[in-house]
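Quick notes on the structure that follows.
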Amino acid sequence: MDFITAQNLVFRYLEEDETQVNTKVVRNVLDDVSFNIKKGEFVALLGHNGCGKSTISKHLNAMLLPDSGKVYVDSLDTADEDEDFTIRKKVGLVLQNPDNQLVASVVEEDVAFGPENIGIEPKEIRRRVDNALKAVDMYDYRNQPPHKLSGGQKQRVAIAGIIAMEPSCIVLDEPTAMLDPKGREEVMSTIKRLNREQGITIVLITHYMEEAVDADRVIVMDDGKILTQGTPQEVFSQVELLKRHRLDVPQVTELCYNLKARGVDIDTLSLHSDECIEKLLEVLK
Ligand SMILES: Nc1ncnc2c1ncn2[C@@H]1O[C@H](COP(=O)(O)OP(=O)(O)O)[C@@H](O)[C@H]1O
Ligand SMILES: [Mg+2]
């Protein structure tokens, strides 16, 4: 069953002129965008800066509404004002900079902030906070001040704050962009585990191709439109299309592509180095 459906989504921001009286409509930032995301799926959303990824993410929890077209979340129309609250409980948003998302002076208070705000009772908050911190492997840090944590740890606490709201889906907008390699790895393995073990639907916005290879599906945006979508294998095999749009493919895939172009007999362009090595060893036999 589809959990999220975007149908012919069109969106433009209104731009104010200097007098701030007249507003002029600029180009379509999202231009006829359609996609479906199934319950429990892990989808990666890729594309250059400015192509509309963050604008899409804000449509997935009714922070922005389409100018035309529709977005449905669990069959609810995001344009239906009565459903705003329900939709925001179903879809949690994690942003790029963890420092902008942590508000309290102690980790567990931070995670409790969301549930407190919607009037959950204290005993239930305790249960949710403990579960959420365990789910991101930060339970041992529950009494620490967030500013003492590493970037990856802070981002995991921010994710715990979203999990404590018990969403069915988490949209992460470049959650690893400000992290070092270790922090990126921590956050990526946390996201994958939440998807695998708790069945949480994941929409991961990223510009690291390597973070998209393990997704169930990849959607590639270019200038407000969907350029291509499919399994990682289907998408990253289109090396020429992606390159024409100045997008990268994973390094291993690029290596396979170049070897093939030089006449090496490999059929599929691998996404993982282990698979690539196996193929090469076969060819060399
Ligand atoms: N609040 C805003 N007002 C006007 N234009 C905006 C606003 N936010 C984003 N844009 C423009 O919309 C386009 C898409 O932006 P965005 O969705 O942030 O892209 P991405 O997340 O892929 O980098 C860009 O051209 C950007 O400049
Ligand atoms: Mg963005």
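By order of appearance in the structure tokens: chains A, B, ..., then residues from 1 within every chain, and ligands from 1 in the order shown.
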
Within region 156-268 of chain A, find each residue whose DSSP state, derived from the backbone, is strand (DSSP E or B), and express the selection as a PyMOL selection string. chain A and resi 169-173+201-205+217-222+225-230

Next, dump the selected residues to file, keeping only C-alpha atoms, as a PDB file, in the first residue's frame.
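For reference, selection-v7.pdb as written:
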ATOM      1  CA  CYS A 169       7.593   7.875   8.446  1.00  0.00           C
ATOM      2  CA  ILE A 170      10.738   9.948   8.974  1.00  0.00           C
ATOM      3  CA  VAL A 171      11.930  12.388   6.331  1.00  0.00           C
ATOM      4  CA  LEU A 172      15.580  13.332   6.783  1.00  0.00           C
ATOM      5  CA  ASP A 173      16.785  16.386   4.872  1.00  0.00           C
ATOM      6  CA  THR A 201       9.220   4.434   6.307  1.00  0.00           C
ATOM      7  CA  ILE A 202      12.334   6.464   5.473  1.00  0.00           C
ATOM      8  CA  VAL A 203      12.765   9.289   2.988  1.00  0.00           C
ATOM      9  CA  LEU A 204      16.449  10.210   2.968  1.00  0.00           C
ATOM     10  CA  ILE A 205      17.473  13.365   1.140  1.00  0.00           C
ATOM     11  CA  ARG A 217      14.315   3.004  -4.324  1.00  0.00           C
ATOM     12  CA  VAL A 218      15.991   6.179  -5.543  1.00  0.00           C
ATOM     13  CA  ILE A 219      14.273   9.290  -6.898  1.00  0.00           C
ATOM     14  CA  VAL A 220      16.525  11.741  -8.751  1.00  0.00           C
ATOM     15  CA  MET A 221      15.397  15.363  -9.053  1.00  0.00           C
ATOM     16  CA  ASP A 222      16.680  17.921 -11.513  1.00  0.00           C
ATOM     17  CA  LYS A 225      11.344  17.751 -12.044  1.00  0.00           C
ATOM     18  CA  ILE A 226      11.959  14.065 -11.518  1.00  0.00           C
ATOM     19  CA  LEU A 227      14.816  13.044 -13.791  1.00  0.00           C
ATOM     20  CA  THR A 228      14.564   9.315 -13.115  1.00  0.00           C
ATOM     21  CA  GLN A 229      13.444   6.899 -10.404  1.00  0.00           C
ATOM     22  CA  GLY A 230      13.840   3.186  -9.731  1.00  0.00           C
TER      23      GLY A 230
END

Using only C-alpha atoms and all ligand atoms, determine which residues fall within 12 Å of ligand 2, then list them as a list of chain:residue names.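 If we count only C-alpha atoms and all ligand atoms, the neighbours of ligand 2 turn out to be A:Leu45, A:Leu46, A:Gly47, A:His48, A:Asn49, A:Gly50, A:Cys51, A:Gly52, A:Lys53, A:Ser54, A:Thr55, A:Ile56, A:Ser57, A:Lys58, A:Val94, A:Leu95, A:Gln96, A:Asn97, A:Leu172, A:Asp173, A:Glu174, A:Pro175, A:Ala177, A:Leu204, A:Ile205, A:Thr206, A:His207, A:Met221.
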
Selection export as a PDB file, in the first residue's frame, atoms kept: N, CA and C atoms:
ATOM      1  N   LEU A  45      16.219  10.426  -1.923  1.00  0.00           N
ATOM      2  CA  LEU A  45      15.884  11.517  -2.844  1.00  0.00           C
ATOM      3  C   LEU A  45      17.158  12.303  -3.119  1.00  0.00           C
ATOM      4  N   LEU A  46      17.574  12.309  -4.403  1.00  0.00           N
ATOM      5  CA  LEU A  46      18.858  12.903  -4.772  1.00  0.00           C
ATOM      6  C   LEU A  46      18.666  14.075  -5.721  1.00  0.00           C
ATOM      7  N   GLY A  47      19.661  14.918  -5.778  1.00  0.00           N
ATOM      8  CA  GLY A  47      19.649  16.008  -6.765  1.00  0.00           C
ATOM      9  C   GLY A  47      20.516  17.167  -6.313  1.00  0.00           C
ATOM     10  N   HIS A  48      20.848  18.039  -7.260  1.00  0.00           N
ATOM     11  CA  HIS A  48      21.710  19.192  -6.970  1.00  0.00           C
ATOM     12  C   HIS A  48      21.069  20.148  -5.972  1.00  0.00           C
ATOM     13  N   ASN A  49      21.893  21.006  -5.399  1.00  0.00           N
ATOM     14  CA  ASN A  49      21.389  22.122  -4.593  1.00  0.00           C
ATOM     15  C   ASN A  49      20.381  22.934  -5.398  1.00  0.00           C
ATOM     16  N   GLY A  50      19.281  23.255  -4.781  1.00  0.00           N
ATOM     17  CA  GLY A  50      18.313  24.132  -5.434  1.00  0.00           C
ATOM     18  C   GLY A  50      17.336  23.422  -6.365  1.00  0.00           C
ATOM     19  N   CYS A  51      17.412  22.083  -6.451  1.00  0.00           N
ATOM     20  CA  CYS A  51      16.521  21.392  -7.396  1.00  0.00           C
ATOM     21  C   CYS A  51      15.128  21.156  -6.812  1.00  0.00           C
ATOM     22  N   GLY A  52      14.961  21.397  -5.507  1.00  0.00           N
ATOM     23  CA  GLY A  52      13.620  21.294  -4.932  1.00  0.00           C
ATOM     24  C   GLY A  52      13.428  20.204  -3.890  1.00  0.00           C
ATOM     25  N   LYS A  53      14.517  19.612  -3.424  1.00  0.00           N
ATOM     26  CA  LYS A  53      14.398  18.493  -2.477  1.00  0.00           C
ATOM     27  C   LYS A  53      13.765  18.931  -1.151  1.00  0.00           C
ATOM     28  N   SER A  54      14.281  20.026  -0.568  1.00  0.00           N
ATOM     29  CA  SER A  54      13.731  20.475   0.717  1.00  0.00           C
ATOM     30  C   SER A  54      12.282  20.918   0.560  1.00  0.00           C
ATOM     31  N   THR A  55      11.973  21.501  -0.581  1.00  0.00           N
ATOM     32  CA  THR A  55      10.592  21.923  -0.832  1.00  0.00           C
ATOM     33  C   THR A  55       9.680  20.697  -0.857  1.00  0.00           C
ATOM     34  N   ILE A  56      10.150  19.611  -1.455  1.00  0.00           N
ATOM     35  CA  ILE A  56       9.364  18.367  -1.427  1.00  0.00           C
ATOM     36  C   ILE A  56       9.185  17.887   0.004  1.00  0.00           C
ATOM     37  N   SER A  57      10.290  17.902   0.781  1.00  0.00           N
ATOM     38  CA  SER A  57      10.199  17.363   2.147  1.00  0.00           C
ATOM     39  C   SER A  57       9.125  18.108   2.948  1.00  0.00           C
ATOM     40  N   LYS A  58       9.010  19.413   2.717  1.00  0.00           N
ATOM     41  CA  LYS A  58       8.017  20.198   3.464  1.00  0.00           C
ATOM     42  C   LYS A  58       6.590  19.925   2.997  1.00  0.00           C
ATOM     43  N   VAL A  94      13.546  15.473  10.051  1.00  0.00           N
ATOM     44  CA  VAL A  94      14.858  15.706  10.652  1.00  0.00           C
ATOM     45  C   VAL A  94      15.653  16.587   9.694  1.00  0.00           C
ATOM     46  N   LEU A  95      16.247  17.656  10.231  1.00  0.00           N
ATOM     47  CA  LEU A  95      16.923  18.628   9.364  1.00  0.00           C
ATOM     48  C   LEU A  95      18.433  18.461   9.390  1.00  0.00           C
ATOM     49  N   GLN A  96      19.081  19.299   8.581  1.00  0.00           N
ATOM     50  CA  GLN A  96      20.513  19.164   8.379  1.00  0.00           C
ATOM     51  C   GLN A  96      21.335  19.443   9.633  1.00  0.00           C
ATOM     52  N   ASN A  97      21.016  20.539  10.299  1.00  0.00           N
ATOM     53  CA  ASN A  97      21.873  20.989  11.391  1.00  0.00           C
ATOM     54  C   ASN A  97      21.302  20.576  12.752  1.00  0.00           C
ATOM     55  N   LEU A 172      14.329  12.735   6.296  1.00  0.00           N
ATOM     56  CA  LEU A 172      15.580  13.332   6.783  1.00  0.00           C
ATOM     57  C   LEU A 172      16.189  14.161   5.660  1.00  0.00           C
ATOM     58  N   ASP A 173      16.307  15.467   5.906  1.00  0.00           N
ATOM     59  CA  ASP A 173      16.785  16.386   4.872  1.00  0.00           C
ATOM     60  C   ASP A 173      18.283  16.626   5.047  1.00  0.00           C
ATOM     61  N   GLU A 174      19.084  15.894   4.297  1.00  0.00           N
ATOM     62  CA  GLU A 174      20.546  15.955   4.371  1.00  0.00           C
ATOM     63  C   GLU A 174      21.069  15.878   5.809  1.00  0.00           C
ATOM     64  N   PRO A 175      20.673  14.808   6.528  1.00  0.00           N
ATOM     65  CA  PRO A 175      21.009  14.724   7.958  1.00  0.00           C
ATOM     66  C   PRO A 175      22.501  14.527   8.217  1.00  0.00           C
ATOM     67  N   ALA A 177      24.965  15.993   6.246  1.00  0.00           N
ATOM     68  CA  ALA A 177      25.758  16.986   5.496  1.00  0.00           C
ATOM     69  C   ALA A 177      26.787  17.706   6.376  1.00  0.00           C
ATOM     70  N   LEU A 204      15.140   9.632   2.674  1.00  0.00           N
ATOM     71  CA  LEU A 204      16.449  10.210   2.968  1.00  0.00           C
ATOM     72  C   LEU A 204      16.872  11.126   1.821  1.00  0.00           C
ATOM     73  N   ILE A 205      16.971  12.411   2.130  1.00  0.00           N
ATOM     74  CA  ILE A 205      17.473  13.365   1.140  1.00  0.00           C
ATOM     75  C   ILE A 205      18.981  13.474   1.336  1.00  0.00           C
ATOM     76  N   THR A 206      19.727  13.278   0.279  1.00  0.00           N
ATOM     77  CA  THR A 206      21.180  13.280   0.433  1.00  0.00           C
ATOM     78  C   THR A 206      21.841  13.666  -0.879  1.00  0.00           C
ATOM     79  N   HIS A 207      23.079  14.159  -0.809  1.00  0.00           N
ATOM     80  CA  HIS A 207      23.808  14.240  -2.070  1.00  0.00           C
ATOM     81  C   HIS A 207      25.032  13.330  -2.063  1.00  0.00           C
ATOM     82  N   MET A 221      16.021  14.100  -8.640  1.00  0.00           N
ATOM     83  CA  MET A 221      15.397  15.363  -9.053  1.00  0.00           C
ATOM     84  C   MET A 221      16.382  16.184  -9.866  1.00  0.00           C
TER      85      MET A 221
END

Which residue is closest to Pro232 (chain A)? Choose from A:Asp180, A:Val26, A:Pro66, A:Val43 and count only C-alpha atoms.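 Checking each candidate against Pro232 (chain A), we get A:Val43 as the closest.
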
Pull the alpha helix (DSSP H) assignments for region 116-202 of chain A out of DSSP run on the backbone, and list those residues as a PyMOL selection string. chain A and resi 116-117+122-135+151-163+181-198

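With only C-alpha atoms and all ligand atoms as the basis for measurement, A:Leu14 is the residue among A:Ala79, A:Leu65, A:Leu14, A:Met1 that approaches ligand 1 most closely.
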
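Each of A:Ser75, A:Asn61, A:Gly224, A:Ile37 was checked against ligand 1 using only C-alpha atoms and all ligand atoms; the smallest atom-to-atom distance is that of A:Gly224.
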
Would you mind listing, for every residue of region 18-108 of chain A within 12 Å of region 153-163 of chain A, the two atoms forming the shortest contact and the distance between them in Å to one decimal, using only C-alpha atoms, sorted by chain and ascending residue number, as JSON lines?
{"residue": "A:Arg88", "atom": "CA", "partner": "A:Ile162", "partner_atom": "CA", "distance": 10.6}
{"residue": "A:Lys89", "atom": "CA", "partner": "A:Ile162", "partner_atom": "CA", "distance": 9.3}
{"residue": "A:Lys90", "atom": "CA", "partner": "A:Ile162", "partner_atom": "CA", "distance": 10.2}
{"residue": "A:Val91", "atom": "CA", "partner": "A:Ile162", "partner_atom": "CA", "distance": 9.0}
{"residue": "A:Gly92", "atom": "CA", "partner": "A:Ile162", "partner_atom": "CA", "distance": 5.8}
{"residue": "A:Leu93", "atom": "CA", "partner": "A:Ile162", "partner_atom": "CA", "distance": 7.3}
{"residue": "A:Val94", "atom": "CA", "partner": "A:Ile159", "partner_atom": "CA", "distance": 6.5}
{"residue": "A:Leu95", "atom": "CA", "partner": "A:Ala158", "partner_atom": "CA", "distance": 8.7}
{"residue": "A:Gln96", "atom": "CA", "partner": "A:Gln155", "partner_atom": "CA", "distance": 8.5}
{"residue": "A:Asn97", "atom": "CA", "partner": "A:Gln155", "partner_atom": "CA", "distance": 7.8}
{"residue": "A:Pro98", "atom": "CA", "partner": "A:Gln155", "partner_atom": "CA", "distance": 5.0}
{"residue": "A:Asp99", "atom": "CA", "partner": "A:Lys154", "partner_atom": "CA", "distance": 7.5}
{"residue": "A:Asn100", "atom": "CA", "partner": "A:Ala158", "partner_atom": "CA", "distance": 9.5}
{"residue": "A:Gln101", "atom": "CA", "partner": "A:Ala158", "partner_atom": "CA", "distance": 6.3}
{"residue": "A:Leu102", "atom": "CA", "partner": "A:Ala158", "partner_atom": "CA", "distance": 6.5}
{"residue": "A:Val103", "atom": "CA", "partner": "A:Ala158", "partner_atom": "CA", "distance": 9.7}
{"residue": "A:Ala104", "atom": "CA", "partner": "A:Gly161", "partner_atom": "CA", "distance": 11.1}
{"residue": "A:Val106", "atom": "CA", "partner": "A:Val157", "partner_atom": "CA", "distance": 10.6}
{"residue": "A:Val107", "atom": "CA", "partner": "A:Val157", "partner_atom": "CA", "distance": 7.0}
{"residue": "A:Glu108", "atom": "CA", "partner": "A:Val157", "partner_atom": "CA", "distance": 8.6}

Save the residues we just selected, C-alpha atoms, as a short mmCIF file (atom, residue, chain, number, x, y, z; two decimals), in the first residue's frame?
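result_12.cif was written with the following content:
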data_model
loop_
_atom_site.label_atom_id
_atom_site.label_comp_id
_atom_site.auth_asym_id
_atom_site.auth_seq_id
_atom_site.Cartn_x
_atom_site.Cartn_y
_atom_site.Cartn_z
CA ARG A 88 2.50 15.90 11.31
CA LYS A 89 2.30 13.07 13.83
CA LYS A 90 2.65 10.52 11.04
CA VAL A 91 5.60 12.18 9.28
CA GLY A 92 8.55 13.50 11.30
CA LEU A 93 11.15 15.79 9.76
CA VAL A 94 14.86 15.71 10.65
CA LEU A 95 16.92 18.63 9.36
CA GLN A 96 20.51 19.16 8.38
CA ASN A 97 21.87 20.99 11.39
CA PRO A 98 21.38 19.13 14.70
CA ASP A 99 22.22 22.30 16.67
CA ASN A 100 19.05 23.95 15.37
CA GLN A 101 16.92 21.01 16.47
CA LEU A 102 18.07 20.50 20.04
CA VAL A 103 16.38 22.84 22.50
CA ALA A 104 16.87 21.49 26.03
CA VAL A 106 19.79 17.67 28.91
CA VAL A 107 19.48 14.95 26.27
CA GLU A 108 16.42 13.20 27.71
#

For Leu284 (chain A), list every protein, DNA or RNA residue within 10 Å, evaluated using only C-alpha atoms, and leave out those in the same chain fewer than 5 positions away; present the list as a list in words. Val264, Asp265, Glu278 and Lys279 of chain A

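Remark: for ligand 1, the closest of the candidate residues A:Arg127, A:Lys243, A:Arg12, A:His272 is A:Arg12 (distances computed over only C-alpha atoms and all ligand atoms).
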
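Comparing A:Val111, A:Asn117, A:Pro146, A:Ser189 by their smallest distance to Ala132 (chain A), the closest is A:Val111 (using only C-alpha atoms).
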
For ligand 1, which of A:Pro181, A:Ile4, A:Asp223, A:Ala164 is the closest residue, counting only C-alpha atoms and all ligand atoms?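 Ranking A:Pro181, A:Ile4, A:Asp223, A:Ala164 by distance to ligand 1, first place goes to A:Asp223.
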
Please report the interatomic distance between atom 23 (O, counted along the ligand's line) of ligand 1 and CA of Phe85 (chain A) in Å with one decimal.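 It comes out at 26.3 Å.
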
With a distance cut-off of 8 Å and only C-alpha atoms, select the neighbouring residues of Asp67 (chain A), excluding the residue or stretch itself and same-chain residues fewer than 3 positions from it, and output the selection as a compact mmCIF listing (two decimals) with C-alpha atoms, in the first residue's frame.
# COMPACT_ATOMS: atom_id res chain seq x y z
CA LEU A 9 2.68 18.40 -7.68
CA VAL A 10 3.36 22.00 -8.74
CA PHE A 11 4.71 24.60 -6.32
CA ARG A 12 6.16 28.13 -6.52

Compile the contact shell of Asp77 (chain A) as a PDB file with N, CA and C atoms, in the first residue's frame: residues with an atom at most 12 Å away, counting only C-alpha atoms, same-chain residues fewer than 4 positions apart removed.
ATOM      1  N   PHE A   3       2.092   4.737   1.123  1.00  0.00           N
ATOM      2  CA  PHE A   3       1.939   5.574   2.314  1.00  0.00           C
ATOM      3  C   PHE A   3       1.901   7.053   1.917  1.00  0.00           C
ATOM      4  N   ILE A   4       2.740   7.406   0.956  1.00  0.00           N
ATOM      5  CA  ILE A   4       2.737   8.785   0.447  1.00  0.00           C
ATOM      6  C   ILE A   4       2.523   8.761  -1.061  1.00  0.00           C
ATOM      7  N   THR A   5       1.649   9.627  -1.535  1.00  0.00           N
ATOM      8  CA  THR A   5       1.434   9.780  -2.967  1.00  0.00           C
ATOM      9  C   THR A   5       1.524  11.261  -3.313  1.00  0.00           C
ATOM     10  N   ALA A   6       2.390  11.598  -4.251  1.00  0.00           N
ATOM     11  CA  ALA A   6       2.412  12.963  -4.792  1.00  0.00           C
ATOM     12  C   ALA A   6       1.951  12.862  -6.233  1.00  0.00           C
ATOM     13  N   GLN A   7       0.891  13.630  -6.552  1.00  0.00           N
ATOM     14  CA  GLN A   7       0.318  13.563  -7.906  1.00  0.00           C
ATOM     15  C   GLN A   7       0.441  14.913  -8.580  1.00  0.00           C
ATOM     16  N   HIS A  59       6.458  19.361   1.792  1.00  0.00           N
ATOM     17  CA  HIS A  59       5.118  18.960   1.343  1.00  0.00           C
ATOM     18  C   HIS A  59       4.685  17.631   1.963  1.00  0.00           C
ATOM     19  N   LEU A  60       5.665  16.884   2.492  1.00  0.00           N
ATOM     20  CA  LEU A  60       5.329  15.557   3.000  1.00  0.00           C
ATOM     21  C   LEU A  60       4.749  15.607   4.405  1.00  0.00           C
ATOM     22  N   ASN A  61       4.867  16.745   5.088  1.00  0.00           N
ATOM     23  CA  ASN A  61       4.153  16.852   6.373  1.00  0.00           C
ATOM     24  C   ASN A  61       3.321  18.136   6.464  1.00  0.00           C
ATOM     25  N   ALA A  62       2.838  18.561   5.299  1.00  0.00           N
ATOM     26  CA  ALA A  62       1.857  19.655   5.221  1.00  0.00           C
ATOM     27  C   ALA A  62       2.401  21.006   5.690  1.00  0.00           C
ATOM     28  N   LEU A  65       1.887  23.507   0.997  1.00  0.00           N
ATOM     29  CA  LEU A  65       0.788  22.876   0.266  1.00  0.00           C
ATOM     30  C   LEU A  65       0.955  23.120  -1.226  1.00  0.00           C
ATOM     31  N   PRO A  66       0.559  22.150  -2.055  1.00  0.00           N
ATOM     32  CA  PRO A  66       0.726  22.295  -3.504  1.00  0.00           C
ATOM     33  C   PRO A  66      -0.073  23.481  -4.061  1.00  0.00           C
ATOM     34  N   GLY A  69      -2.065  20.028  -8.034  1.00  0.00           N
ATOM     35  CA  GLY A  69      -1.697  18.644  -7.752  1.00  0.00           C
ATOM     36  C   GLY A  69      -2.024  18.306  -6.308  1.00  0.00           C
ATOM     37  N   LYS A  70      -1.705  17.099  -5.922  1.00  0.00           N
ATOM     38  CA  LYS A  70      -2.095  16.604  -4.598  1.00  0.00           C
ATOM     39  C   LYS A  70      -0.965  15.863  -3.914  1.00  0.00           C
ATOM     40  N   VAL A  71      -0.943  15.947  -2.584  1.00  0.00           N
ATOM     41  CA  VAL A  71      -0.078  15.073  -1.798  1.00  0.00           C
ATOM     42  C   VAL A  71      -0.972  14.365  -0.779  1.00  0.00           C
ATOM     43  N   TYR A  72      -0.893  13.044  -0.775  1.00  0.00           N
ATOM     44  CA  TYR A  72      -1.639  12.264   0.214  1.00  0.00           C
ATOM     45  C   TYR A  72      -0.661  11.562   1.148  1.00  0.00           C
ATOM     46  N   VAL A  73      -0.945  11.620   2.450  1.00  0.00           N
ATOM     47  CA  VAL A  73      -0.148  10.901   3.440  1.00  0.00           C
ATOM     48  C   VAL A  73      -1.085   9.932   4.137  1.00  0.00           C
ATOM     49  N   GLU A  81      -7.099  21.060   6.055  1.00  0.00           N
ATOM     50  CA  GLU A  81      -6.582  21.688   7.292  1.00  0.00           C
ATOM     51  C   GLU A  81      -6.899  20.891   8.556  1.00  0.00           C
ATOM     52  N   ASP A  82      -8.018  20.195   8.540  1.00  0.00           N
ATOM     53  CA  ASP A  82      -8.407  19.424   9.726  1.00  0.00           C
ATOM     54  C   ASP A  82      -7.438  18.275  10.010  1.00  0.00           C
ATOM     55  N   GLU A  83      -6.655  17.907   9.008  1.00  0.00           N
ATOM     56  CA  GLU A  83      -5.775  16.739   9.158  1.00  0.00           C
ATOM     57  C   GLU A  83      -4.315  17.115   9.446  1.00  0.00           C
ATOM     58  N   ASP A  84      -4.022  18.431   9.494  1.00  0.00           N
ATOM     59  CA  ASP A  84      -2.633  18.888   9.710  1.00  0.00           C
ATOM     60  C   ASP A  84      -1.939  18.168  10.858  1.00  0.00           C
ATOM     61  N   THR A  86      -2.730  15.417  12.502  1.00  0.00           N
ATOM     62  CA  THR A  86      -2.576  13.968  12.294  1.00  0.00           C
ATOM     63  C   THR A  86      -1.418  13.699  11.344  1.00  0.00           C
ATOM     64  N   ILE A  87      -1.341  14.470  10.276  1.00  0.00           N
ATOM     65  CA  ILE A  87      -0.285  14.266   9.279  1.00  0.00           C
ATOM     66  C   ILE A  87       1.086  14.531   9.905  1.00  0.00           C
TER      67      ILE A  87
END
